[in-house]
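Undergrad: My questions all concern the structure below.
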Amino acid sequence: MGGHDHAHDGAGHAGHAGHGHGVAADADRRWLAIALGLIGAFMAVEVVIGVVAHSLALISDAAHMLTDAVSILLALIAMRLAARPARGGFTYGLKRAEILSAQANGLTLLLLAVWLAYEAVRRLVDPPAVEGGLVLVTALAGIVVNVAAAWCISKANRSSLAVEGAYQHILNDLFAFIGTAVAGLIVLTTGFRQADSIATLVVVVLMVRAGYGLVRESGRIFLEAAPAHMDPDAVGDRLVGHPPVTEVHDLHIWTITSGQAALSAHVLVEPAGDCHAVRRDLERLLDEEYGITHTTLQVDHVQDTLLTVGRAGEDPAGPDRHCADAHGPVHREGPHAH
């Protein structure tokens, strides 16, 4: 009872859910592949029309569609890699390939936004002649294609950051085509050629917003931050409030990949407490209240730790008595120490 009690869950869950998840992943890949085909075909046509019509808005839309195609391709590759079982040094498997894909999508959106902003400002100063009618017709066709592609991707599992990255690309492209259609209509009816560049700048703002969101979220995962919706201090206080727990420290919460949070902690219980029962209770609490099913809890009796852990000349009742280098706040029974 006084020894360490390590619990790794998840295996049982995987055994029951494996088949369904595989079927869902196949469906996701199919929807993404359909969207990729739609976008690839239209993009090739749009590049030619953009050059003929001298429209930066159309060319920028085509460039954006290229990043759409790349984002979907990355998501498809990432889903294949993430499905591989863990082996060798990759103890989590390649699940974070999806997060790499999302980060690449975010970065391409930001880099493309910089280039388009530069070109749009340059054309505002010296606007070229733009074929408004051709721009309008092409943009309207682009809206139809992007609505169809966005619908396909929305049918896939958007809780995956890689799929969400591809979806954000498509959604931004849809807004871009709407802006381009409006610009084409303005050029056609009023001859105001700068409308083409203004539409491009509106799209740039949308691209920066989506790209920043993807880079920020993927960066949090790579930096092992807790999920954005979860407060580790609140979780620690909740755990230590469960009798006979007296202290929780070295509490870590991180995300393995999209929707898969993990937690580890060192838990101390009263001398008469049942370590095994506490561990089971805390696992159930974390699952039911926070949706965390991948946990590793080290559970000790408090007096065992006081007797066996400590450094020469150190007060056994001092704040660092449990670990040589505790990470983060210490949550204690009663008034909590943070």
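All residue names refer to the structure tokens as shown: chains lettered A, B, ... in order, residues numbered from 1 in each chain, ligands numbered from 1 in order.
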Among region 16-96 of chain A, which residues carry a DSSP assignment of alpha helix (DSSP H), reported as a count of residues only?
TA: 65
Undergrad: Residues near Val208 (chain A), anyone? I mean within 8 Å using only C-alpha atoms, not counting same-chain ones fewer than 2 positions away, as a PyMOL selection string.
TA: chain A and resi 109-110+113+204-206+210-212
Undergrad: Show which residues sit within 8 Å of region 263-280 of chain A, as a ChimeraX atom specification. Count only C-alpha atoms, and ignore same-chain residues fewer than 2 positions away.
TA: /A:1-2,5,7,243-254,261,282-284,292,294-303
Undergrad: Between CA of Ala75 (chain A) and CA of Arg209 (chain A), what is the distance in Å, rounded to a tenth?
TA: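 CA of Arg209 (chain A) lies 20.1 Å from CA of Ala75 (chain A).
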Undergrad: I'd like the neighbourhood of Ala139 (chain A) as a PyMOL selection string, where a residue qualifies if any of its atoms comes within 7 Å (using only C-alpha atoms), though same-chain residues fewer than 2 positions away should be ignored.
TA: chain A and resi 135-137+141-143+177-178+180-181
Undergrad: Okay, now the selection with C-alpha atoms, as a CSV table (one decimal), in the first residue's frame?
TA:
```csv
chain,number,residue,atom,x,y,z
A,135,VAL,CA,-13.3,38.3,-62.7
A,136,LEU,CA,-17.0,38.3,-61.6
A,137,VAL,CA,-17.9,35.1,-63.5
A,141,ALA,CA,-17.8,29.8,-59.9
A,142,GLY,CA,-15.1,29.8,-57.2
A,143,ILE,CA,-17.8,30.4,-54.5
A,177,PHE,CA,-14.1,34.6,-53.6
A,178,ILE,CA,-17.0,36.5,-52.3
A,180,THR,CA,-13.4,39.0,-55.5
A,181,ALA,CA,-16.9,38.7,-56.9
```
Undergrad: Mind checking which residues fall within 6 Å of Ser258 (chain A), counting only C-alpha atoms, ignoring those fewer than 2 positions away in the same chain, and posting them as JSON, numbers by chain?
TA: {"A": [160, 161, 260]}
Undergrad: Would you kindly return, as a JSON list (two decimals) with C-alpha atoms, in the first residue's frame, each protein, DNA or RNA residue with an atom no farther than 12 Å from any atom of Val182 (chain A), considering only C-alpha atoms and excluding same-chain residues fewer than 3 positions away?
TA:
```
[["chain", "number", "residue", "atom", "x", "y", "z"],
["A", 57, "ALA", "CA", -7.62, 39.11, -56.68],
["A", 132, "GLY", "CA", -14.31, 42.96, -64.36],
["A", 133, "GLY", "CA", -16.75, 40.64, -66.14],
["A", 135, "VAL", "CA", -13.33, 38.27, -62.66],
["A", 136, "LEU", "CA", -16.99, 38.26, -61.58],
["A", 137, "VAL", "CA", -17.91, 35.07, -63.45],
["A", 138, "THR", "CA", -14.80, 33.21, -62.23],
["A", 139, "ALA", "CA", -15.32, 34.35, -58.65],
["A", 140, "LEU", "CA", -18.94, 33.17, -58.67],
["A", 143, "ILE", "CA", -17.79, 30.39, -54.55],
["A", 175, "PHE", "CA", -14.63, 34.63, -48.21],
["A", 176, "ALA", "CA", -11.90, 35.57, -50.68],
["A", 177, "PHE", "CA", -14.06, 34.59, -53.64],
["A", 178, "ILE", "CA", -17.01, 36.55, -52.26],
["A", 179, "GLY", "CA", -14.75, 39.60, -51.96],
["A", 185, "LEU", "CA", -18.89, 43.70, -60.00],
["A", 186, "ILE", "CA", -17.59, 47.12, -58.89],
["A", 187, "VAL", "CA", -14.93, 47.17, -61.64],
["A", 188, "LEU", "CA", -17.51, 46.11, -64.22],
["A", 189, "THR", "CA", -20.13, 48.71, -63.22],
["A", 190, "THR", "CA", -18.02, 51.70, -62.12],
["A", 192, "PHE", "CA", -12.99, 51.53, -60.10],
["A", 195, "ALA", "CA", -11.54, 47.48, -55.92],
["A", 196, "ASP", "CA", -9.53, 44.42, -56.97],
["A", 197, "SER", "CA", -6.69, 45.31, -54.58],
["A", 198, "ILE", "CA", -9.03, 46.33, -51.77],
["A", 199, "ALA", "CA", -10.73, 42.92, -51.98],
["A", 200, "THR", "CA", -7.29, 41.31, -51.73],
["A", 202, "VAL", "CA", -9.75, 42.18, -46.93]]
```
Undergrad: Return the single residue from A:Ala166, A:Ala44, A:Ala120, A:Leu56 that is closest to Ala78 (chain A), with distances computed using only C-alpha atoms.
TA: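 The closest residue to Ala78 (chain A) is A:Ala166.
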Undergrad: Neighbours of Val145 (chain A) within 9 Å (only C-alpha atoms; same-chain residues fewer than 5 positions away dropped), as a PyMOL selection string?
TA: chain A and resi 35+38-39+42+140+150+174
Undergrad: To one decimal place in Å, what is the distance between CA of Tyr92 (chain A) and CA of Ala228 (chain A)?
TA: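 These atoms are spaced 21.2 Å apart.
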Undergrad: Which of these, A:Ala262, A:Val125, A:Ala104, A:Val48, has the shortest distance to Val215 (chain A) once you count only C-alpha atoms?
TA: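 Between A:Ala262, A:Val125, A:Ala104, A:Val48, the residue approaching Val215 (chain A) most closely is A:Ala104.
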Undergrad: So how far away is CA of Thr293 (chain A) from CA of Gly236 (chain A), in Å?
TA: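 Between these atoms lies a distance of 16.0 Å.
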Undergrad: Name the closest residue to Leu111 (chain A) among the candidates A:Met207, A:Leu239, A:Asp287, A:Ala27; distances are taken between atoms, counting only C-alpha atoms.
TA: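 Using only C-alpha atoms, Leu111 (chain A) sits closest to A:Met207.
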